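Structure file input-v2.txt; described as compact mmCIF, C-alpha atoms.
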```
# COMPACT_ATOMS: atom_id res chain seq x y z
CA MET A 109 28.34 -5.19 -29.22
CA SER A 110 25.38 -7.55 -28.86
CA THR A 111 27.32 -9.52 -26.25
CA PHE A 112 27.90 -6.34 -24.26
CA ARG A 113 24.23 -5.44 -24.48
CA ASN A 114 23.24 -8.94 -23.32
CA LEU A 115 25.63 -8.68 -20.39
CA LEU A 116 24.26 -5.26 -19.52
CA VAL A 117 20.70 -6.60 -19.58
CA ILE A 118 21.66 -9.54 -17.37
CA CYS A 119 23.42 -7.25 -14.87
CA THR A 120 20.45 -4.89 -14.84
CA LEU A 121 18.02 -7.73 -14.18
CA LEU A 122 20.28 -9.12 -11.47
CA PHE A 123 20.47 -5.70 -9.82
CA GLN A 124 16.68 -5.35 -9.96
CA GLN A 125 16.27 -8.82 -8.45
CA LEU A 126 18.69 -8.07 -5.63
CA ALA A 127 17.01 -4.73 -5.05
CA GLY A 128 13.75 -6.62 -4.51
CA TYR A 129 15.34 -8.58 -1.64
CA PRO A 130 16.12 -5.95 1.00
CA GLN A 131 18.28 -6.73 3.99
CA GLY A 132 16.38 -8.07 6.97
CA LYS A 133 14.97 -5.44 9.31
CA THR A 134 16.62 -5.40 12.74
CA ASP A 135 15.70 -3.09 15.61
CA PRO A 136 18.44 -2.03 18.07
CA VAL A 137 16.03 -2.57 20.98
CA LEU A 138 15.55 -6.27 20.21
CA GLN A 139 19.20 -6.71 19.29
CA SER A 140 20.17 -5.31 22.70
CA ILE A 141 17.75 -7.60 24.53
CA LEU A 142 19.04 -10.68 22.73
CA SER A 143 22.71 -9.76 23.19
CA ALA A 144 22.22 -9.90 26.97
CA ASN A 145 21.90 -13.70 26.80
CA LYS A 146 25.43 -15.05 26.26
CA ASN A 147 24.28 -18.57 25.41
CA SER A 148 26.68 -19.72 22.68
CA LEU A 149 24.07 -21.35 20.44
CA LEU A 150 21.74 -18.34 20.62
CA GLN A 151 24.57 -16.00 19.70
CA GLU A 152 25.83 -18.28 16.93
CA VAL A 153 22.41 -18.23 15.25
CA LEU A 154 22.05 -14.47 15.69
CA ARG A 155 25.50 -13.82 14.22
CA ASN A 156 24.62 -15.95 11.23
CA GLY A 157 20.99 -14.95 10.79
CA ASP A 158 20.94 -15.39 7.02
CA THR A 159 22.62 -18.82 7.16
CA TYR A 160 20.00 -20.01 9.65
CA ARG A 161 17.32 -17.99 7.83
CA CYS A 162 16.41 -16.73 11.28
CA GLN A 163 13.69 -14.11 11.73
CA VAL A 164 12.20 -12.87 14.99
CA ILE A 165 9.32 -10.56 15.85
CA TYR A 166 8.93 -9.57 19.49
CA THR A 167 5.67 -7.74 20.22
CA ARG A 168 5.65 -5.64 23.36
CA ILE A 169 2.18 -5.13 24.85
CA ASP A 170 1.49 -2.11 27.03
CA ARG A 171 -1.90 -1.64 28.66
CA ASP A 172 -3.39 1.77 29.35
CA LYS A 173 -5.40 2.73 32.43
CA ASN A 174 -8.50 1.15 30.86
CA ASN A 175 -6.60 -2.12 30.24
CA LEU A 176 -6.61 -1.53 26.48
CA PRO A 177 -3.53 -3.13 24.91
CA HIS A 178 -1.11 -1.22 22.68
CA PHE A 179 1.31 -3.18 20.51
CA THR A 180 4.87 -2.39 19.41
CA ASN A 181 6.74 -4.78 17.14
CA PHE A 182 10.53 -5.18 17.28
CA TYR A 183 12.29 -7.15 14.57
CA PHE A 184 15.41 -9.21 14.08
CA ASN A 185 16.37 -9.94 10.47
CA TYR A 186 12.72 -9.72 9.43
CA ASN A 187 12.34 -10.02 5.67
CA PRO A 188 9.09 -11.21 4.05
CA LEU A 189 11.10 -12.22 0.98
CA LEU A 190 13.41 -14.54 2.95
CA TYR A 191 11.50 -17.78 2.43
CA PHE A 192 10.83 -20.26 5.19
CA ASN A 193 8.63 -23.30 4.84
CA PRO A 194 5.63 -22.56 7.10
CA ALA A 195 4.93 -26.26 7.66
CA SER A 196 2.16 -26.72 10.24
CA THR A 197 1.71 -23.03 11.01
CA VAL A 198 -0.71 -23.00 8.05
CA LYS A 199 -3.10 -24.97 10.25
CA MET A 200 -3.78 -21.84 12.29
CA PRO A 201 -5.38 -19.72 9.53
CA LEU A 202 -7.20 -22.81 8.26
CA ALA A 203 -8.81 -23.26 11.68
CA PHE A 204 -9.82 -19.60 11.73
CA LEU A 205 -11.20 -19.79 8.19
CA SER A 206 -13.14 -22.98 8.94
CA LEU A 207 -14.95 -21.32 11.82
CA GLU A 208 -15.56 -18.19 9.77
CA LYS A 209 -17.07 -20.24 6.95
CA LEU A 210 -19.42 -22.01 9.35
CA HIS A 211 -20.39 -18.70 10.97
CA LEU A 212 -21.20 -17.05 7.64
CA LEU A 213 -22.95 -20.17 6.35
CA ALA A 214 -25.54 -19.80 9.11
CA LYS A 215 -27.24 -23.11 8.29
CA PRO A 216 -29.57 -24.35 11.06
CA GLY A 217 -28.02 -27.35 12.79
CA VAL A 218 -24.61 -26.85 11.15
CA ASP A 219 -21.79 -25.71 13.40
CA LYS A 220 -18.32 -26.82 14.42
CA TYR A 221 -19.68 -29.72 16.47
CA THR A 222 -21.96 -31.11 13.74
CA PHE A 223 -20.92 -34.56 12.61
CA LEU A 224 -19.82 -34.81 9.02
CA GLN A 225 -18.87 -37.24 6.29
CA ILE A 226 -16.23 -36.52 3.67
CA ASP A 227 -16.41 -38.20 0.28
CA SER A 228 -13.68 -38.97 -2.24
CA SER A 229 -14.55 -36.77 -5.20
CA TYR A 230 -11.36 -36.84 -7.31
CA PRO A 231 -8.55 -39.37 -7.94
CA GLY A 232 -6.22 -39.59 -4.94
CA GLN A 233 -8.68 -38.15 -2.43
CA LYS A 234 -9.54 -40.07 0.72
CA SER A 235 -12.98 -40.33 2.24
CA LEU A 236 -13.60 -39.99 5.96
CA TYR A 237 -16.70 -41.32 7.72
CA ARG A 238 -15.36 -42.28 11.15
CA ASP A 239 -12.88 -40.82 13.64
CA SER A 240 -11.93 -43.19 16.44
CA THR A 241 -10.27 -40.36 18.40
CA ALA A 242 -13.56 -38.45 18.77
CA GLU A 243 -15.96 -39.02 21.67
CA LYS A 244 -18.78 -40.25 19.41
CA GLY A 245 -16.45 -41.75 16.81
CA LEU A 246 -17.50 -39.21 14.16
CA PRO A 247 -15.55 -36.37 12.53
CA SER A 248 -16.36 -32.68 13.06
CA ILE A 249 -14.68 -29.35 12.36
CA ALA A 250 -14.25 -28.80 16.12
CA HIS A 251 -12.37 -32.07 16.44
CA PHE A 252 -10.11 -31.22 13.50
CA ILE A 253 -9.20 -27.93 15.16
CA LYS A 254 -8.47 -29.62 18.48
CA LYS A 255 -6.12 -32.13 16.83
CA ALA A 256 -4.42 -29.45 14.74
CA PHE A 257 -3.60 -27.32 17.79
CA LEU A 258 -2.96 -29.98 20.45
CA VAL A 259 -0.37 -32.04 18.55
CA SER A 260 -0.35 -30.51 15.03
CA ASP A 261 -2.18 -33.40 13.34
CA ASN A 262 -1.72 -33.35 9.54
CA ASP A 263 -4.97 -35.02 8.48
CA ALA A 264 -6.88 -32.41 10.48
CA TYR A 265 -5.23 -29.72 8.34
CA ASN A 266 -6.05 -31.56 5.13
CA ARG A 267 -9.73 -31.79 6.10
CA MET A 268 -9.96 -28.08 6.94
CA TYR A 269 -8.23 -27.27 3.64
CA GLN A 270 -10.83 -29.41 1.87
CA PHE A 271 -13.70 -27.75 3.73
CA VAL A 272 -12.67 -24.17 3.02
CA GLY A 273 -11.32 -24.90 -0.48
CA GLN A 274 -8.09 -23.80 -2.09
CA GLN A 275 -9.68 -20.91 -3.97
CA GLU A 276 -11.48 -19.46 -0.97
CA ILE A 277 -8.48 -19.87 1.34
CA ASN A 278 -6.34 -17.59 -0.77
CA ARG A 279 -9.03 -15.18 -1.90
CA ILE A 280 -10.25 -14.53 1.65
CA LEU A 281 -6.81 -14.15 3.23
CA HIS A 282 -5.70 -11.77 0.48
CA ALA A 283 -8.90 -9.74 0.90
CA LYS A 284 -8.12 -9.46 4.61
CA GLY A 285 -4.80 -7.87 3.72
CA TYR A 286 -2.55 -10.88 4.28
CA ARG A 287 -0.87 -10.40 0.92
CA ASP A 288 2.16 -12.61 1.54
CA VAL A 289 -0.01 -15.71 1.93
CA ARG A 290 -0.07 -18.49 -0.62
CA ILE A 291 -1.58 -21.80 0.50
CA THR A 292 -1.48 -24.27 -2.36
CA ARG A 293 -0.79 -27.68 -0.86
CA GLN A 294 -2.31 -30.34 1.33
CA PHE A 295 0.02 -32.64 3.25
CA MET A 296 -0.77 -35.61 1.05
CA GLY A 297 1.91 -35.63 -1.64
CA PHE A 298 -0.61 -34.38 -4.20
CA THR A 299 0.17 -32.83 -7.58
CA PRO A 300 -0.75 -29.15 -8.09
CA GLN A 301 -3.83 -30.30 -10.05
CA GLN A 302 -4.97 -32.63 -7.27
CA ASN A 303 -4.56 -29.84 -4.70
CA ARG A 304 -6.95 -27.67 -6.73
CA HIS A 305 -9.72 -30.22 -6.18
CA THR A 306 -11.39 -30.56 -2.78
CA ASN A 307 -13.84 -33.14 -1.47
CA GLN A 308 -17.58 -33.12 -0.99
CA PHE A 309 -18.73 -32.66 2.62
CA ARG A 310 -22.01 -33.88 4.10
CA PHE A 311 -23.10 -32.62 7.52
CA ILE A 312 -25.37 -35.04 9.35
CA ASP A 313 -27.62 -34.89 12.39
CA LYS A 314 -27.61 -37.33 15.32
CA ASN A 315 -29.83 -39.71 13.37
CA GLY A 316 -27.39 -39.82 10.47
CA ASP A 317 -29.61 -37.76 8.17
CA VAL A 318 -27.89 -35.28 5.88
CA ILE A 319 -28.77 -31.68 6.78
CA TYR A 320 -26.31 -29.88 4.51
CA THR A 321 -24.13 -30.88 1.57
CA GLN A 322 -21.14 -28.93 0.33
CA LYS A 323 -20.29 -30.01 -3.19
CA ALA A 324 -16.78 -30.84 -4.33
CA ALA A 325 -14.89 -27.75 -5.48
CA PHE A 326 -12.19 -26.82 -7.98
CA ASN A 327 -9.97 -23.75 -7.88
CA THR A 328 -9.97 -21.90 -11.22
CA ASP A 329 -7.74 -19.05 -10.01
CA SER A 330 -4.14 -18.77 -11.13
CA PHE A 331 -1.27 -18.49 -8.67
CA TYR A 332 1.52 -15.96 -8.98
CA PHE A 333 4.98 -17.18 -8.01
CA PRO A 334 7.12 -14.03 -8.16
CA HIS A 335 10.38 -15.54 -6.91
CA VAL A 336 12.20 -18.79 -7.54
CA VAL A 337 13.01 -20.41 -4.19
CA LYS A 338 15.57 -23.22 -4.13
CA ILE A 339 17.16 -24.41 -0.90
CA GLY A 340 19.77 -27.00 0.06
CA ASN A 341 22.52 -28.99 -1.64
CA GLY A 342 20.35 -31.99 -2.43
CA TYR A 343 17.30 -33.96 -1.41
CA MET A 344 15.99 -37.50 -1.14
CA ASP A 345 13.25 -38.31 -3.64
CA ARG A 346 10.31 -40.68 -3.11
CA ASN A 347 12.53 -43.64 -3.97
CA ASP A 348 15.09 -42.61 -1.32
CA SER A 349 17.55 -41.67 -4.04
CA LEU A 350 19.77 -38.63 -3.51
CA ILE A 351 19.15 -35.88 -6.03
CA LYS A 352 22.18 -33.59 -5.99
CA GLU A 353 20.42 -30.29 -6.52
CA PRO A 354 18.43 -27.88 -4.35
CA ILE A 355 14.80 -28.62 -3.61
CA ASP A 356 12.38 -26.22 -5.30
CA PHE A 357 10.01 -24.51 -2.85
CA THR A 358 8.71 -22.01 -5.41
CA GLN A 359 5.17 -23.41 -5.45
CA HIS A 360 5.02 -24.55 -1.82
CA ASN A 361 2.90 -22.92 0.87
CA ASN A 362 4.10 -19.46 1.84
CA LEU A 363 3.35 -17.08 4.72
CA SER A 364 5.39 -14.23 6.12
CA LEU A 365 6.17 -14.23 9.83
CA LEU A 366 4.39 -10.90 10.24
CA ASP A 367 1.20 -12.23 8.64
CA LEU A 368 1.23 -15.16 11.05
CA GLN A 369 1.73 -12.82 14.00
CA ARG A 370 -1.13 -10.57 12.86
CA MET A 371 -3.48 -13.50 12.30
CA LEU A 372 -2.94 -14.71 15.85
CA GLN A 373 -3.26 -11.17 17.20
CA SER A 374 -6.53 -10.70 15.28
CA VAL A 375 -8.14 -13.57 17.21
CA LEU A 376 -6.61 -12.88 20.61
CA PHE A 377 -7.08 -9.11 20.41
CA PRO A 378 -9.72 -8.49 17.71
CA ALA A 379 -10.13 -4.77 18.39
CA SER A 380 -6.40 -4.15 17.89
CA LEU A 381 -6.53 -4.66 14.12
CA PRO A 382 -8.72 -3.19 11.37
CA SER A 383 -11.99 -5.05 10.91
CA ARG A 384 -11.01 -6.36 7.48
CA GLN A 385 -8.05 -8.21 8.99
CA ARG A 386 -10.18 -10.03 11.55
CA PHE A 387 -11.94 -13.35 11.18
CA LYS A 388 -15.73 -13.30 11.31
CA ILE A 389 -16.37 -15.71 14.16
CA SER A 390 -18.65 -15.73 17.18
CA GLY A 391 -17.55 -15.00 20.72
CA GLU A 392 -18.07 -18.66 21.58
CA ASP A 393 -15.87 -19.69 18.64
CA ARG A 394 -13.15 -17.33 19.85
CA GLN A 395 -13.24 -18.90 23.33
CA PHE A 396 -13.01 -22.32 21.72
CA LEU A 397 -9.89 -21.21 19.82
CA LEU A 398 -8.33 -19.72 22.95
CA GLN A 399 -8.84 -22.98 24.77
CA TYR A 400 -7.22 -25.24 22.21
CA LEU A 401 -4.46 -22.83 21.24
CA SER A 402 -3.31 -23.14 24.86
CA GLN A 403 -4.59 -26.46 26.24
CA PHE A 404 -2.13 -29.29 26.89
CA PRO A 405 -2.47 -32.76 25.36
CA SER A 406 -2.34 -34.20 28.90
CA GLU A 407 -5.54 -32.33 29.81
CA THR A 408 -7.54 -33.65 26.89
CA ASN A 409 -9.80 -36.71 26.90
CA TYR A 410 -10.67 -36.74 23.19
CA PRO A 411 -8.22 -37.33 21.64
CA LYS A 412 -6.50 -39.15 24.47
CA TYR A 413 -2.83 -38.57 23.69
CA ASP A 414 0.08 -40.32 25.37
CA SER A 415 1.35 -37.52 27.60
CA SER A 416 4.80 -39.09 27.92
CA LYS A 417 5.31 -38.47 24.19
CA TYR A 418 2.99 -35.50 23.70
CA PHE A 419 4.07 -33.68 26.84
CA ASP A 420 2.84 -30.27 27.95
CA SER A 421 5.53 -28.25 26.14
CA TYR A 422 5.49 -30.47 23.04
CA VAL A 423 4.20 -27.69 20.78
CA LYS A 424 5.35 -24.77 22.97
CA PHE A 425 8.85 -24.25 21.53
CA PHE A 426 9.69 -21.14 23.56
CA PHE A 427 9.22 -23.14 26.80
CA ARG A 428 10.30 -26.58 25.56
CA ASP A 429 13.35 -27.65 27.53
CA THR A 430 14.56 -31.04 28.73
CA GLY A 431 12.14 -30.95 31.66
CA ARG A 432 9.13 -30.96 29.31
CA LYS A 433 6.99 -29.17 31.89
CA MET A 434 5.39 -25.77 31.59
CA PRO A 435 5.56 -23.21 34.41
CA PRO A 436 2.28 -23.62 36.32
CA ASN A 437 1.49 -19.92 36.04
CA VAL A 438 2.06 -19.63 32.27
CA ARG A 439 -0.13 -20.38 29.27
CA VAL A 440 1.03 -20.07 25.68
CA PHE A 441 -1.53 -19.46 22.93
CA ASN A 442 0.32 -20.46 19.80
CA LYS A 443 0.94 -22.54 16.70
CA VAL A 444 4.20 -24.17 15.69
CA GLY A 445 5.46 -25.84 12.55
CA TRP A 446 8.47 -27.94 11.63
CA ALA A 447 9.46 -29.51 8.29
CA TYR A 448 12.48 -29.71 5.96
CA GLY A 449 14.70 -28.36 8.75
CA PHE A 450 12.54 -25.26 9.24
CA MET A 451 11.07 -24.51 12.68
CA THR A 452 8.54 -21.79 13.39
CA ASP A 453 6.55 -20.67 16.43
CA VAL A 454 4.08 -17.78 16.69
CA SER A 455 2.94 -17.24 20.29
CA TYR A 456 1.16 -15.10 22.82
CA VAL A 457 2.50 -15.71 26.34
CA ALA A 458 0.49 -14.92 29.48
CA ASP A 459 1.94 -15.22 32.99
CA PHE A 460 -0.98 -14.96 35.42
CA THR A 461 1.14 -14.81 38.57
CA ASN A 462 3.53 -12.07 37.50
CA ASN A 463 0.97 -10.28 35.29
CA ILE A 464 3.10 -10.15 32.18
CA GLU A 465 2.22 -10.75 28.55
CA PHE A 466 3.95 -10.55 25.19
CA MET A 467 3.89 -11.98 21.69
CA LEU A 468 6.85 -13.67 20.07
CA ALA A 469 7.23 -15.15 16.59
CA ALA A 470 10.37 -16.78 15.22
CA THR A 471 11.57 -19.04 12.47
CA LEU A 472 14.92 -20.65 11.69
CA TYR A 473 16.46 -23.31 9.44
CA VAL A 474 18.58 -26.05 11.03
CA ASN A 475 19.92 -28.46 8.41
CA SER A 476 23.72 -28.54 8.61
CA ASP A 477 24.23 -31.24 5.94
CA GLY A 478 22.16 -29.32 3.39
CA ILE A 479 20.21 -32.44 2.39
CA LEU A 480 16.42 -32.26 2.61
CA ASN A 481 13.88 -35.06 3.01
CA ASP A 482 16.45 -37.28 4.75
CA ASN A 483 14.94 -36.77 8.22
CA LYS A 484 18.37 -35.73 9.48
CA TYR A 485 17.78 -32.24 10.75
CA ASP A 486 19.28 -30.40 13.70
CA TYR A 487 16.02 -29.95 15.61
CA ASP A 488 17.28 -31.51 18.83
CA SER A 489 20.83 -30.14 18.83
CA LYS A 490 20.06 -26.60 17.59
CA GLY A 491 16.38 -25.96 16.82
CA TYR A 492 14.66 -26.65 20.13
CA PRO A 493 17.53 -25.25 22.25
CA PHE A 494 17.60 -22.02 20.21
CA MET A 495 13.83 -21.56 20.45
CA TYR A 496 13.96 -22.17 24.21
CA GLN A 497 16.80 -19.70 24.74
CA LEU A 498 15.02 -17.12 22.60
CA GLY A 499 11.75 -17.55 24.45
CA GLN A 500 13.35 -17.41 27.88
CA THR A 501 15.38 -14.34 26.96
CA ILE A 502 12.22 -12.40 26.11
CA TYR A 503 10.33 -13.89 29.06
CA GLN A 504 13.01 -12.82 31.55
CA TYR A 505 13.20 -9.38 29.95
CA GLU A 506 9.43 -9.02 30.36
CA MET A 507 9.66 -10.19 33.97
CA ASN A 508 11.92 -7.23 34.72
CA ARG A 509 10.33 -4.64 32.43
CA GLN A 510 8.61 -1.76 34.18
CA ARG A 511 4.98 -1.13 33.24
CA GLN A 512 2.91 1.93 34.03
CA PHE A 513 -0.21 -0.23 34.27
CA LYS A 514 -0.26 -3.94 35.10
CA PRO A 515 -2.44 -5.91 32.70
CA ASP A 516 -5.67 -7.57 33.72
CA LEU A 517 -5.31 -10.97 32.04
CA SER A 518 -8.56 -12.47 33.30
CA GLY A 519 -9.90 -12.63 29.75
CA PHE A 520 -7.30 -15.28 28.97
CA LYS A 521 -8.01 -17.50 31.97
CA ILE A 522 -9.63 -20.57 30.45
CA GLN A 523 -11.58 -23.44 31.98
CA TYR A 524 -9.54 -26.31 30.59
CA ASP A 525 -10.49 -29.95 30.28
CA HIS A 526 -9.19 -32.49 32.79
CA ARG A 527 -8.07 -35.98 31.88
CA ASP A 528 -10.48 -38.58 33.22
CA LYS A 529 -8.31 -40.82 35.38
CA THR A 530 -10.89 -43.61 35.30
CA ASP A 531 -10.76 -43.79 31.50
CA THR A 532 -9.11 -47.10 30.57
CA ARG A 533 -8.91 -46.49 26.83
CA PRO A 534 -5.40 -46.84 25.39
CA THR A 535 -3.56 -43.59 24.70
CA ILE A 536 -2.59 -42.40 21.22
CA SER A 537 1.19 -42.52 20.78
CA GLU A 538 1.54 -42.15 16.99
CA VAL A 539 0.35 -39.09 15.12
CA ASP A 540 1.13 -37.98 11.59
CA ASN A 541 2.43 -34.47 12.20
```
Do you think you could lay out the structure here as structure tokens?
Amino acid sequence: MSTFRNLLVICTLLFQQLAGYPQGKTDPVLQSILSANKNSLLQEVLRNGDTYRCQVIYTRIDRDKNNLPHFTNFYFNYNPLLYFNPASTVKMPLAFLSLEKLHLLAKPGVDKYTFLQIDSSYPGQKSLYRDSTAEKGLPSIAHFIKKAFLVSDNDAYNRMYQFVGQQEINRILHAKGYRDVRITRQFMGFTPQQNRHTNQFRFIDKNGDVIYTQKAAFNTDSFYFPHVVKIGNGYMDRNDSLIKEPIDFTQHNNLSLLDLQRMLQSVLFPASLPSRQRFKISGEDRQFLLQYLSQFPSETNYPKYDSSKYFDSYVKFFFRDTGRKMPPNVRVFNKVGWAYGFMTDVSYVADFTNNIEFMLAATLYVNSDGILNDNKYDYDSKGYPFMYQLGQTIYQYEMNRQRQFKPDLSGFKIQYDHRDKTDTRPTISEVDN
């Protein structure tokens, strides 16, 4: 009898667990749009959405007669409980939070361009006093944001994480209503305890005098990990030994695709979301974000990236094809991430010639051998081609979609930097991203 009761309890718990993982949400409108593209790889991924852990959110934007945008989301297999590793997409909210923290700090002489020094305040931490990629050779929050968006630099993310602090990152994002967010890790191979500690920052003036010190911090809050997340058939450990069991992502960084889309929308279209979901930044800070969310590495002097490796569509997955060039009339304001076989892009696309705009967010998992940490993922054969086909499918649909009012996109026309052709400094061809 006790065995029967135990079995009944187990079945009940299993049913409750499965009930908490609803099927992905799919809208017939988006399904119809995607079915029009007969590309075999695109259709293979769409037919096997759960295998590829594929989720898509297409956001249609319709302007009214006053040019006010109205947003409608369409979903394919969207499920906030279907885990994907957000990888470098976490750099986007960290950039927004860094600027918000500076704005609210309101310390005279302290802004995103202020030079800073970062101390080592706990075992394993790394100090930072110089940055050879910056114009003056000194670090700043502005330069971290540029590197994070232009080529997805990992150290830039770590420094913004350290500036905002693990506790504040999660408290603030949750308070804004982004409840699916959990950001627990730097990209430094740290233990959970090390990630709770963040460095001391010293902001300095042009004479090198300290004008503001932010003390080292420690997160005392507990994290809630409601679901066990294990993926793969095995993984390579730090000694390059194969461990024949799934890798545990339970305590890794976590964001839902919809939260990422809303965060980007909150900066690009602040009035479209409730005030609590927006980031408290200045108008000048917003323009700065718009510039570097969309600027190409080839246009940038500091850092001076090798444009043959970090080409214009390098972090523009929905337009990244073998040609590596972007259409001259298109700018993409976005953030991508790729790690462990996961690929994600959350974008706003503006075509200034054809007067079209839309948002598109997607994630998928391309790791056919099921082994993680072996650097043998299907990015080139499946990931990039799928993202390109997806992006072009929506782009072509938008090109042909009838609108009652054409959008005025002048607010997204940015004065971009231009590479100084007389600059003889060597280019940067290796970035940890």
Q: Could you check which of A:Asn508, A:Ile141, A:Asn185, A:Gln302 is closest to A:Gly157, using all atoms listed in the file?
A: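 Counting all atoms listed in the file, the residue closest to A:Gly157 is A:Asn185.
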Q.
If we count only C-alpha atoms and set the cut-off at 12 Å, which residues sit around A:Lys417, ignoring sequence neighbours fewer than 3 positions away in its own chain? Please answer as a PyMOL selection string.
A. chain A and resi 259+405-406+412-414+420-423+432+535-539
Go ahead and save the residues from that selection, with C-alpha atoms, as a CSV table (one decimal), keeping the file's coordinate frame.
```
chain,number,residue,atom,x,y,z
A,259,VAL,CA,-0.4,-32.0,18.6
A,405,PRO,CA,-2.5,-32.8,25.4
A,406,SER,CA,-2.3,-34.2,28.9
A,412,LYS,CA,-6.5,-39.2,24.5
A,413,TYR,CA,-2.8,-38.6,23.7
A,414,ASP,CA,0.1,-40.3,25.4
A,420,ASP,CA,2.8,-30.3,28.0
A,421,SER,CA,5.5,-28.2,26.1
A,422,TYR,CA,5.5,-30.5,23.0
A,423,VAL,CA,4.2,-27.7,20.8
A,432,ARG,CA,9.1,-31.0,29.3
A,535,THR,CA,-3.6,-43.6,24.7
A,536,ILE,CA,-2.6,-42.4,21.2
A,537,SER,CA,1.2,-42.5,20.8
A,538,GLU,CA,1.5,-42.2,17.0
A,539,VAL,CA,0.4,-39.1,15.1
```
(Q) Please report the interatomic distance between atom CA of A:Glu407 and atom CA of A:Glu392 in Å with one decimal. (A) 20.3 Å
Q: Work out how far atom CA of A:Arg370 is from atom CA of A:Asp486, in Å to one decimal.
A: 28.5 Å
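Restricting the calculation to only C-alpha atoms, the smallest distance between A:Arg509 and any of A:Asn303, A:Thr159, A:Asn462, A:Ser240 is found for A:Asn462.
When all atoms listed in the file are used to measure the gap to A:Thr134, the shortest distance among A:Tyr166, A:Tyr221, A:Phe441, A:Tyr183 belongs to A:Tyr183.
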Q: Would you list the contacts of A:Arg293 as JSON, numbers by chain, taking every protein, DNA or RNA residue within 12 Å and counting only C-alpha atoms, but skipping same-chain residues closer than 3 positions in sequence?
A: {"A": [193, 194, 195, 196, 198, 199, 262, 265, 266, 269, 270, 273, 274, 275, 277, 278, 290, 296, 297, 298, 299, 300, 301, 302, 303, 304, 305, 306, 357, 358, 359, 360, 361, 362]}
**Q.** For atom CA of A:Leu480 and atom CA of A:Gln369, the interatomic separation in Å (one decimal)
**A.**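 That distance, rounded to one decimal, is 26.9 Å.
Closest to A:Tyr418 among A:Asp135, A:Asn541, A:His282, A:Cys162 is A:Asn541, based on all atoms listed in the file.
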Q. Restricting the calculation to all atoms listed in the file, which member of A:Leu224, A:Met268, A:Ile165, A:Met344 is positioned closest to A:Asp482?
A. A:Met344
